[in-house]
file query_34.csv (CSV, C-alpha atoms)
chain,number,residue,atom,x,y,z
A,1,ASN,CA,-70.7,35.9,34.1
A,2,GLU,CA,-68.9,32.7,35.1
A,3,TYR,CA,-70.9,30.4,32.8
A,4,LYS,CA,-70.2,32.6,29.8
A,5,SER,CA,-66.5,32.5,30.6
A,6,TYR,CA,-66.6,28.7,30.3
A,7,LEU,CA,-68.1,29.1,26.8
A,8,SER,CA,-65.8,31.9,25.5
A,9,MET,CA,-62.9,29.7,24.4
A,10,PHE,CA,-65.2,27.2,22.7
A,11,HIS,CA,-67.2,29.9,21.0
A,12,ASN,CA,-64.1,31.2,19.3
A,13,SER,CA,-63.1,27.8,18.0
A,14,SER,CA,-63.7,26.2,14.6
A,15,GLN,CA,-65.5,23.3,16.5
A,16,MET,CA,-68.2,25.8,17.5
A,17,LYS,CA,-68.8,26.7,13.8
A,18,MET,CA,-69.1,23.0,12.9
A,19,LEU,CA,-71.9,22.3,15.5
A,20,PHE,CA,-75.1,21.1,13.8
A,21,LYS,CA,-78.4,22.7,14.5
A,22,SER,CA,-80.3,19.4,14.7
A,23,GLU,CA,-80.0,15.6,14.5
A,24,ALA,CA,-81.8,15.8,11.1
A,25,GLU,CA,-78.9,17.9,9.8
A,26,ILE,CA,-76.4,15.2,10.8
A,27,GLN,CA,-78.6,12.5,9.3
A,28,SER,CA,-78.8,14.6,6.0
A,29,ARG,CA,-74.9,14.8,5.9
A,30,ARG,CA,-74.6,11.0,6.3
A,31,SER,CA,-77.3,10.4,3.7
A,32,ALA,CA,-75.5,12.6,1.2
A,33,ALA,CA,-72.3,10.7,1.7
A,34,ASN,CA,-74.1,7.4,1.2
A,35,ASP,CA,-75.8,8.7,-2.0
A,36,ARG,CA,-72.5,10.0,-3.4
A,37,PHE,CA,-70.8,6.6,-3.0
A,38,LYS,CA,-73.8,4.8,-4.6
A,39,GLU,CA,-73.9,7.2,-7.6
A,40,SER,CA,-70.1,6.9,-8.2
A,41,ASN,CA,-69.9,3.1,-7.8
A,42,PRO,CA,-72.8,1.3,-9.6
A,43,CYS,CA,-70.6,-1.8,-9.9
A,44,CYS,CA,-71.3,-2.5,-6.2
A,45,SER,CA,-75.0,-2.0,-6.4
A,46,GLU,CA,-76.0,-5.5,-5.2
A,47,HIS,CA,-73.9,-5.0,-2.0
A,48,PHE,CA,-74.9,-1.4,-1.0
A,49,LEU,CA,-75.5,-0.6,2.6
A,50,SER,CA,-78.4,1.6,3.7
A,51,VAL,CA,-77.7,4.7,5.9
A,52,ASP,CA,-79.1,2.8,8.9
A,53,ASP,CA,-76.9,-0.2,8.2
A,54,GLU,CA,-73.9,2.1,8.0
A,55,ARG,CA,-74.8,3.7,11.4
A,56,LEU,CA,-75.1,0.2,12.9
A,57,LEU,CA,-71.6,-0.7,11.7
A,58,CYS,CA,-70.1,2.6,12.8
A,59,ARG,CA,-71.7,2.5,16.2
A,60,LYS,CA,-70.3,-1.0,16.8
A,61,PHE,CA,-66.8,0.4,16.1
A,62,GLU,CA,-67.4,3.5,18.2
A,63,ARG,CA,-67.7,1.1,21.1
A,64,GLU,CA,-64.6,-0.8,19.9
A,65,LEU,CA,-62.8,2.6,19.9
A,66,ILE,CA,-63.6,3.1,23.6
A,67,ARG,CA,-62.5,-0.4,24.4
A,68,PHE,CA,-59.2,0.0,22.4
A,69,CYS,CA,-58.4,3.2,24.2
A,70,SER,CA,-58.8,1.5,27.6
A,71,ILE,CA,-55.9,-1.0,26.9
A,72,PHE,CA,-53.2,1.7,26.8
A,73,GLU,CA,-50.8,1.6,29.8
A,74,ASP,CA,-47.7,3.4,31.0
A,75,PRO,CA,-49.3,5.9,30.9
A,76,PRO,CA,-53.0,5.2,30.3
A,77,LEU,CA,-54.5,7.1,27.4
A,78,TYR,CA,-55.7,10.6,28.3
A,79,ARG,CA,-59.4,11.2,28.4
A,80,SER,CA,-58.9,14.0,25.8
A,81,VAL,CA,-57.5,11.4,23.3
A,82,LYS,CA,-60.6,9.3,23.5
A,83,CYS,CA,-62.9,12.3,23.0
A,84,THR,CA,-60.8,13.6,20.1
A,85,ALA,CA,-60.6,10.2,18.4
A,86,MET,CA,-64.3,9.8,18.7
A,87,ASN,CA,-64.9,13.2,17.3
A,88,TYR,CA,-62.7,12.5,14.3
A,89,PHE,CA,-64.4,9.1,13.7
A,90,LYS,CA,-67.9,10.6,13.6
A,91,ARG,CA,-66.8,13.6,11.4
A,92,PHE,CA,-65.0,11.3,9.0
A,93,TYR,CA,-68.2,9.3,8.4
A,94,MET,CA,-70.1,12.5,7.6
A,95,LYS,CA,-68.1,12.8,4.5
A,96,HIS,CA,-67.2,9.2,3.7
A,97,THR,CA,-69.0,5.9,4.1
A,98,PRO,CA,-68.1,2.5,5.6
A,99,MET,CA,-68.6,1.1,2.1
A,100,GLU,CA,-65.6,3.1,1.0
A,101,PHE,CA,-63.4,2.9,4.1
A,102,TYR,CA,-63.9,0.0,6.6
A,103,PRO,CA,-64.6,1.4,10.1
A,104,GLN,CA,-62.1,-0.8,11.9
A,105,HIS,CA,-59.1,0.7,10.0
A,106,VAL,CA,-60.5,4.2,10.4
A,107,MET,CA,-61.0,3.7,14.1
A,108,PHE,CA,-57.3,2.9,14.6
A,109,LEU,CA,-56.3,5.8,12.3
A,110,CYS,CA,-58.4,8.3,14.4
A,111,VAL,CA,-56.9,7.1,17.7
A,112,TYR,CA,-53.4,7.4,16.3
A,113,VAL,CA,-53.9,10.9,14.9
A,114,ALA,CA,-55.6,11.9,18.2
A,115,CYS,CA,-52.6,10.7,20.1
A,116,LYS,CA,-50.4,13.1,18.1
A,117,VAL,CA,-52.8,16.0,18.5
A,118,GLU,CA,-53.3,15.5,22.2
A,119,GLU,CA,-49.5,14.9,22.7
A,120,TYR,CA,-49.7,11.4,23.9
A,121,ASN,CA,-46.3,10.3,22.8
A,122,ILE,CA,-46.3,6.9,20.9
A,123,CYS,CA,-44.5,6.0,17.7
A,124,ILE,CA,-46.3,4.2,14.9
A,125,ASP,CA,-44.5,0.9,15.5
A,126,LYS,CA,-45.5,0.8,19.1
A,127,PHE,CA,-49.0,1.8,18.3
A,128,VAL,CA,-49.4,-0.9,15.6
A,129,ALA,CA,-47.9,-3.5,18.0
A,130,MET,CA,-50.9,-2.9,20.3
A,131,LEU,CA,-53.3,-4.2,17.6
A,132,GLU,CA,-54.2,-7.9,17.3
A,133,GLU,CA,-51.5,-9.6,15.2
A,134,SER,CA,-53.9,-10.4,12.4
A,135,LEU,CA,-54.7,-6.7,12.0
A,136,GLN,CA,-51.2,-5.2,12.3
A,137,HIS,CA,-50.1,-5.2,8.7
A,138,GLU,CA,-53.3,-4.1,7.0
A,139,SER,CA,-54.3,-1.5,9.7
A,140,GLY,CA,-50.7,-0.2,10.0
A,141,SER,CA,-50.4,0.3,6.3
A,142,PHE,CA,-53.9,2.0,6.3
A,143,ILE,CA,-52.8,4.4,9.0
A,144,ILE,CA,-49.6,5.5,7.2
A,145,ALA,CA,-51.4,5.9,3.9
A,146,HIS,CA,-54.5,7.7,5.0
A,147,GLU,CA,-53.4,10.3,7.7
A,148,PHE,CA,-53.8,13.2,5.2
A,149,LEU,CA,-57.2,11.8,4.0
A,150,LEU,CA,-58.4,12.0,7.6
A,151,MET,CA,-57.2,15.6,8.0
A,152,GLU,CA,-58.8,16.6,4.7
A,153,ALA,CA,-62.1,15.1,5.9
A,154,LEU,CA,-61.7,17.1,9.1
A,155,GLU,CA,-61.0,20.2,7.1
A,156,TYR,CA,-57.7,20.4,9.0
A,157,SER,CA,-59.6,21.4,12.2
A,158,LEU,CA,-57.9,19.1,14.6
A,159,ILE,CA,-58.4,20.7,18.0
A,160,VAL,CA,-61.3,19.2,19.9
A,161,HIS,CA,-62.8,20.8,23.0
A,162,ASN,CA,-64.3,18.1,25.3
A,163,ALA,CA,-66.7,18.1,28.2
A,164,TYR,CA,-64.3,16.7,30.8
A,165,ARG,CA,-62.4,20.0,31.1
A,166,PRO,CA,-65.4,22.2,32.1
A,167,LEU,CA,-66.6,19.3,34.3
A,168,ASP,CA,-63.3,19.5,36.2
A,169,GLY,CA,-63.9,23.2,36.7
A,170,PHE,CA,-67.4,22.7,37.9
A,171,ILE,CA,-66.3,20.0,40.3
A,172,LEU,CA,-63.7,22.3,41.8
A,173,GLN,CA,-66.4,24.9,42.5
A,174,LEU,CA,-68.8,22.3,44.0
A,175,THR,CA,-66.3,20.6,46.2
A,176,PRO,CA,-66.6,23.0,49.2
A,177,LYS,CA,-70.4,22.8,49.0
A,178,LEU,CA,-70.8,19.0,49.4
A,179,PRO,CA,-69.7,16.3,51.8
A,180,GLN,CA,-66.6,14.4,50.6
A,181,ASN,CA,-68.4,11.1,50.1
A,182,VAL,CA,-71.2,12.7,48.2
A,183,MET,CA,-68.7,14.6,46.0
A,184,GLY,CA,-66.9,11.4,45.2
A,185,ASP,CA,-70.1,9.7,44.0
A,186,LEU,CA,-71.1,12.8,42.0
A,187,VAL,CA,-67.8,12.9,40.2
A,188,LYS,CA,-68.1,9.2,39.3
A,189,GLN,CA,-71.7,9.7,38.0
A,190,ALA,CA,-70.9,12.8,36.0
A,191,ASN,CA,-67.9,11.2,34.3
A,192,SER,CA,-70.1,8.2,33.4
A,193,PHE,CA,-72.6,10.6,31.8
A,194,ILE,CA,-69.9,12.1,29.6
A,195,ASN,CA,-68.6,8.7,28.7
A,196,ASP,CA,-72.0,7.8,27.5
A,197,ALA,CA,-72.5,11.2,25.7
A,198,ILE,CA,-69.5,10.8,23.4
A,199,LEU,CA,-71.1,7.6,22.1
A,200,THR,CA,-74.0,9.7,20.7
A,201,ASP,CA,-74.1,12.7,18.4
A,202,CYS,CA,-74.5,14.9,21.5
A,203,THR,CA,-71.0,16.3,21.1
A,204,HIS,CA,-71.8,17.5,17.6
A,205,LEU,CA,-74.9,19.4,18.8
A,206,TYR,CA,-74.0,21.0,22.1
A,207,ALA,CA,-71.1,22.9,23.6
A,208,PRO,CA,-68.8,21.0,26.0
A,209,SER,CA,-69.8,23.1,29.0
A,210,GLN,CA,-73.4,22.5,28.4
A,211,ILE,CA,-72.8,18.7,28.3
A,212,ALA,CA,-70.7,19.0,31.5
A,213,LEU,CA,-73.6,20.9,33.3
A,214,ALA,CA,-76.0,18.2,32.1
A,215,ALA,CA,-73.7,15.6,33.6
A,216,VAL,CA,-73.6,17.5,36.9
A,217,THR,CA,-77.3,17.8,37.1
A,218,TYR,CA,-77.8,14.1,36.2
A,219,ALA,CA,-75.3,13.1,38.9
A,220,SER,CA,-76.9,15.3,41.5
A,221,GLU,CA,-80.2,13.4,41.2
A,222,ARG,CA,-78.4,10.1,41.8
A,223,THR,CA,-76.5,11.5,44.8
A,224,LYS,CA,-79.4,13.4,46.4
A,225,SER,CA,-77.6,16.7,46.0
A,226,THR,CA,-80.1,18.3,43.5
A,227,GLU,CA,-80.8,21.4,45.7
A,228,THR,CA,-77.1,22.2,46.0
A,229,VAL,CA,-76.4,21.7,42.3
A,230,GLU,CA,-79.4,23.7,41.2
A,231,ALA,CA,-78.3,26.6,43.4
A,232,PHE,CA,-74.8,26.3,41.9
A,233,VAL,CA,-76.2,26.5,38.4
A,234,ARG,CA,-78.2,29.6,39.3
A,235,GLU,CA,-75.0,31.0,40.9
A,236,ILE,CA,-72.9,30.6,37.7
A,237,CYS,CA,-75.7,31.7,35.5
A,238,PRO,CA,-77.7,34.4,37.4
A,239,ASP,CA,-79.3,36.0,34.3
A,240,THR,CA,-82.9,34.7,34.2
A,241,ALA,CA,-83.3,34.5,30.4
A,242,THR,CA,-79.9,32.7,30.1
A,243,HIS,CA,-80.7,30.4,33.0
A,244,THR,CA,-84.0,29.4,31.4
A,245,LYS,CA,-82.4,28.7,28.1
A,246,LEU,CA,-79.6,26.7,29.7
A,247,THR,CA,-82.1,24.6,31.7
A,248,LYS,CA,-83.9,23.8,28.4
A,249,VAL,CA,-80.6,22.8,26.8
A,250,ILE,CA,-79.7,20.5,29.7
A,251,ALA,CA,-83.1,18.8,29.4
A,252,GLU,CA,-82.5,18.3,25.6
A,253,ILE,CA,-79.1,16.8,26.2
A,254,ARG,CA,-80.5,14.3,28.7
A,255,ARG,CA,-83.3,13.3,26.4
A,256,HIS,CA,-80.8,12.9,23.6
A,257,LEU,CA,-78.8,10.4,25.6
A,258,GLN,CA,-81.9,8.6,26.8
A,259,HIS,CA,-83.1,8.1,23.2
A,260,ASN,CA,-79.7,7.4,21.5
A,261,TYR,CA,-77.3,5.8,23.9
A,262,LYS,CA,-78.7,2.2,23.7
A,263,PHE,CA,-77.3,0.2,20.9
A,264,GLN,CA,-77.5,-3.5,19.9
A,265,ILE,CA,-76.4,-5.4,16.8
A,266,THR,CA,-76.7,-9.2,16.5
A,267,SER,CA,-73.7,-11.2,15.5
A,268,SER,CA,-75.5,-12.4,12.3
A,269,LYS,CA,-76.3,-8.8,11.3
A,270,LEU,CA,-72.7,-7.8,11.9
A,271,ARG,CA,-71.5,-10.7,9.7
A,272,GLU,CA,-73.9,-9.6,7.0
A,273,LEU,CA,-72.7,-6.0,7.0
A,274,GLU,CA,-69.0,-7.0,7.1
A,275,GLN,CA,-69.5,-9.4,4.2
A,276,LYS,CA,-71.2,-6.7,2.2
A,277,CYS,CA,-68.2,-4.4,2.8
A,278,ARG,CA,-65.8,-7.1,1.7
A,279,SER,CA,-67.8,-7.7,-1.4
A,280,ILE,CA,-67.8,-4.0,-2.2
A,281,ARG,CA,-64.0,-3.8,-1.8
A,282,THR,CA,-63.6,-6.8,-4.1
A,283,ALA,CA,-65.9,-5.2,-6.7
A,284,LEU,CA,-64.1,-1.9,-6.5
A,285,ALA,CA,-60.7,-3.7,-6.9
A,286,SER,CA,-62.0,-5.6,-9.9
A,287,GLU,CA,-63.3,-2.4,-11.4
A,288,ASN,CA,-59.9,-0.7,-10.9
A,289,ASP,CA,-58.1,-3.6,-12.5
A,290,THR,CA,-60.4,-3.5,-15.5
A,291,ASN,CA,-60.0,0.3,-15.9
A,292,SER,CA,-56.2,-0.1,-15.6
A,293,SER,CA,-56.1,-2.7,-18.3
A,294,SER,CA,-58.3,-0.6,-20.5
A,295,ASP,CA,-56.1,2.4,-20.0
A,296,GLU,CA,-53.0,0.3,-20.9
A,297,ASN,CA,-54.7,-1.0,-24.1
A,298,ASN,CA,-55.7,2.5,-25.1
A,299,SER,CA,-52.1,3.7,-24.5
A,300,ASN,CA,-50.8,0.9,-26.7
A,301,ARG,CA,-53.2,1.8,-29.5
A,302,VAL,CA,-52.3,5.5,-29.3
A,303,SER,CA,-48.5,4.8,-29.4
A,304,ALA,CA,-48.6,2.3,-32.3
A,305,PRO,CA,-49.2,4.9,-35.0
A,306,VAL,CA,-46.5,7.1,-33.6
A,307,SER,CA,-44.0,4.3,-33.9
A,308,LYS,CA,-45.1,3.6,-37.5
A,309,ARG,CA,-44.9,7.2,-38.4
A,310,ARG,CA,-41.4,7.5,-37.1
A,311,LYS,CA,-40.3,4.5,-39.1
A,312,THR,CA,-41.8,6.0,-42.3
A,313,ASP,CA,-39.9,9.3,-41.6
A,314,ASP,CA,-36.7,7.4,-41.2
A,315,GLU,CA,-37.3,5.5,-44.4
A,316,MET,CA,-37.9,8.8,-46.2
A,317,ASP,CA,-34.7,10.2,-44.8
A,318,GLY,CA,-32.9,7.2,-46.1

call {"tool": "encode", "arguments": {"input": "query_34.csv", "output": "structure tokens"}}
result
Amino acid sequence: NEYKSYLSMFHNSSQMKMLFKSEAEIQSRRSAANDRFKESNPCCSEHFLSVDDERLLCRKFERELIRFCSIFEDPPLYRSVKCTAMNYFKRFYMKHTPMEFYPQHVMFLCVYVACKVEEYNICIDKFVAMLEESLQHESGSFIIAHEFLLMEALEYSLIVHNAYRPLDGFILQLTPKLPQNVMGDLVKQANSFINDAILTDCTHLYAPSQIALAAVTYASERTKSTETVEAFVREICPDTATHTKLTKVIAEIRRHLQHNYKFQITSSKLRELEQKCRSIRTALASENDTNSSSDENNSNRVSAPVSKRRKTDDEMDG
């Protein structure tokens, strides 16, 4: 079965094993990370972010990630880098929170590591030079210091299968079946669908080939080629039970995008959340300084009797 062959490589991947069964499961993972931080850092309690506020902040920087990826030239950034970086970013914030690591720095870190994994050749100095001058020192230092933290959060599973690859395969098969002008519009609409999909949690719930087929069916409705595409889906998935299940999944994916793609944050709300994050970092730094001073004082108190005892022993020898 051709459809199953598209799934075989993904089904044997670690990414498949990390798919979530529901949106509620993803929300639970984010809530757990939020709770862990709050329990471990009571010194920041007056500045804590809710899980919903964290998602607002992350979703803002998910869009910034896409914008940042678009500025690469000579050559332009591969589509796979964008998808891989977004996957890393979302997975990172299922284990950590924006209160602990500010999303702007993590965004750059994810893109840089994705460049390495997807073999887009760029050195750290050239990468950092692409950032705004005011961000270069702090974000550059963050990238160098936290690469292994990111890989740990990803459980060292760095290969990401994206929906563009199966889409390209479906397009090749559909090309002889549709007029050239219709095919061009369908490709554009299908790619747009996937561009929107990676900005939702869709890629953590469904297989890339399922998202690609949802993109094709969406595009067919906008290019008046529904009949041809429906016949194509039946052709690559002739088994009735599998076809029925696939049709249901495609509908779920499209509903997910419809309900979750739209995003809006006011400038005042963004300033509020950024200020809270700054206040948390300040509180944590102050707490660390206090703990360091306390440890130093304890060390001095412990070493003092040792020094006195040695003096007494020397006197006794004398």

call {"tool": "closest_residue", "arguments": {"input": "query_34.csv", "among": "A:Gly140, A:Thr97, A:Tyr102, A:Thr282", "to": "Lys126 of chain A", "atoms": "only C-alpha atoms"}}
result
A:Gly140

call {"tool": "axis_aligned_box", "arguments": {"input": "query_34.csv", "around": "segment 225-230 of chain A", "padding_each_side": "3 Å", "output": "lines of an AutoDock Vina configuration file"}}
result
center_x = -78.6
center_y = 20.2
center_z = 43.6
size_x = 10.4
size_y = 13.0
size_z = 10.8

call {"tool": "closest_residue", "arguments": {"input": "query_34.csv", "among": "A:Asn41, A:Ala145, A:Ser139, A:Ser28", "to": "Ser286 of chain A", "atoms": "only C-alpha atoms"}}
result
A:Asn41

call {"tool": "atom_distance", "arguments": {"input": "query_34.csv", "atom1": "atom CA of Glu252 of chain A", "atom2": "atom CA of Thr84 of chain A"}}
result
22.9 Å

call {"tool": "closest_residue", "arguments": {"input": "query_34.csv", "among": "A:Ala163, A:Asn181, A:Met151, A:Arg255", "to": "Ala212 of chain A", "atoms": "all atoms listed in the file"}}
result
A:Ala163

call {"tool": "residues_near_point", "arguments": {"input": "query_34.csv", "point": "(-78.6, 18.2, 33.8)", "cutoff": "10 Å", "atoms": "only C-alpha atoms", "output": "PyMOL selection string"}}
result
chain A and resi 190+193+210-221+226+229-230+233+246-254

call {"tool": "residues_around", "arguments": {"input": "query_34.csv", "residues": "Phe61 of chain A", "least_positions_apart": "5", "cutoff": "8 Å", "atoms": "all atoms listed in the file", "output": "PyMOL selection string"}}
result
chain A and resi 103-104+107

call {"tool": "residues_around", "arguments": {"input": "query_34.csv", "residues": "segment 205-209 of chain A", "least_positions_apart": "2", "cutoff": "8 Å", "atoms": "all atoms listed in the file", "output": "PyMOL selection string"}}
result
chain A and resi 6-7+10+16+19-23+161-164+166-167+201-203+211-213+253

call {"tool": "decode", "arguments": {"input": "query_34.csv", "residues": "segment 155-167 of chain A", "atoms": "N, CA and C atoms", "output": "PDB file, in the first residue's frame"}}
result
ATOM      1  N   GLU A 155      15.828  14.919  24.808  1.00  0.00           N
ATOM      2  CA  GLU A 155      16.191  13.524  25.052  1.00  0.00           C
ATOM      3  C   GLU A 155      17.086  12.990  23.935  1.00  0.00           C
ATOM      4  N   TYR A 156      17.904  13.901  23.382  1.00  0.00           N
ATOM      5  CA  TYR A 156      18.885  13.591  22.340  1.00  0.00           C
ATOM      6  C   TYR A 156      18.240  12.998  21.080  1.00  0.00           C
ATOM      7  N   SER A 157      16.953  13.243  20.903  1.00  0.00           N
ATOM      8  CA  SER A 157      16.253  12.827  19.691  1.00  0.00           C
ATOM      9  C   SER A 157      16.149  14.051  18.783  1.00  0.00           C
ATOM     10  N   LEU A 158      17.111  14.177  17.870  1.00  0.00           N
ATOM     11  CA  LEU A 158      17.284  15.423  17.124  1.00  0.00           C
ATOM     12  C   LEU A 158      16.738  15.376  15.699  1.00  0.00           C
ATOM     13  N   ILE A 159      16.483  14.180  15.172  1.00  0.00           N
ATOM     14  CA  ILE A 159      15.968  14.068  13.802  1.00  0.00           C
ATOM     15  C   ILE A 159      14.464  14.330  13.803  1.00  0.00           C
ATOM     16  N   VAL A 160      14.044  15.270  12.975  1.00  0.00           N
ATOM     17  CA  VAL A 160      12.624  15.642  12.903  1.00  0.00           C
ATOM     18  C   VAL A 160      12.112  15.402  11.487  1.00  0.00           C
ATOM     19  N   HIS A 161      11.085  14.575  11.368  1.00  0.00           N
ATOM     20  CA  HIS A 161      10.419  14.362  10.084  1.00  0.00           C
ATOM     21  C   HIS A 161       9.365  15.451   9.909  1.00  0.00           C
ATOM     22  N   ASN A 162       9.364  16.118   8.759  1.00  0.00           N
ATOM     23  CA  ASN A 162       8.399  17.201   8.543  1.00  0.00           C
ATOM     24  C   ASN A 162       7.452  16.861   7.402  1.00  0.00           C
ATOM     25  N   ALA A 163       6.379  17.643   7.311  1.00  0.00           N
ATOM     26  CA  ALA A 163       5.308  17.343   6.347  1.00  0.00           C
ATOM     27  C   ALA A 163       5.648  17.768   4.921  1.00  0.00           C
ATOM     28  N   TYR A 164       6.684  18.573   4.732  1.00  0.00           N
ATOM     29  CA  TYR A 164       7.023  19.027   3.372  1.00  0.00           C
ATOM     30  C   TYR A 164       7.504  17.869   2.495  1.00  0.00           C
ATOM     31  N   ARG A 165       8.222  16.937   3.103  1.00  0.00           N
ATOM     32  CA  ARG A 165       8.778  15.833   2.304  1.00  0.00           C
ATOM     33  C   ARG A 165       7.674  14.941   1.722  1.00  0.00           C
ATOM     34  N   PRO A 166       6.732  14.429   2.523  1.00  0.00           N
ATOM     35  CA  PRO A 166       5.644  13.656   1.906  1.00  0.00           C
ATOM     36  C   PRO A 166       4.784  14.497   0.973  1.00  0.00           C
ATOM     37  N   LEU A 167       4.649  15.799   1.267  1.00  0.00           N
ATOM     38  CA  LEU A 167       3.895  16.666   0.357  1.00  0.00           C
ATOM     39  C   LEU A 167       4.544  16.669  -1.026  1.00  0.00           C
TER      40      LEU A 167
END
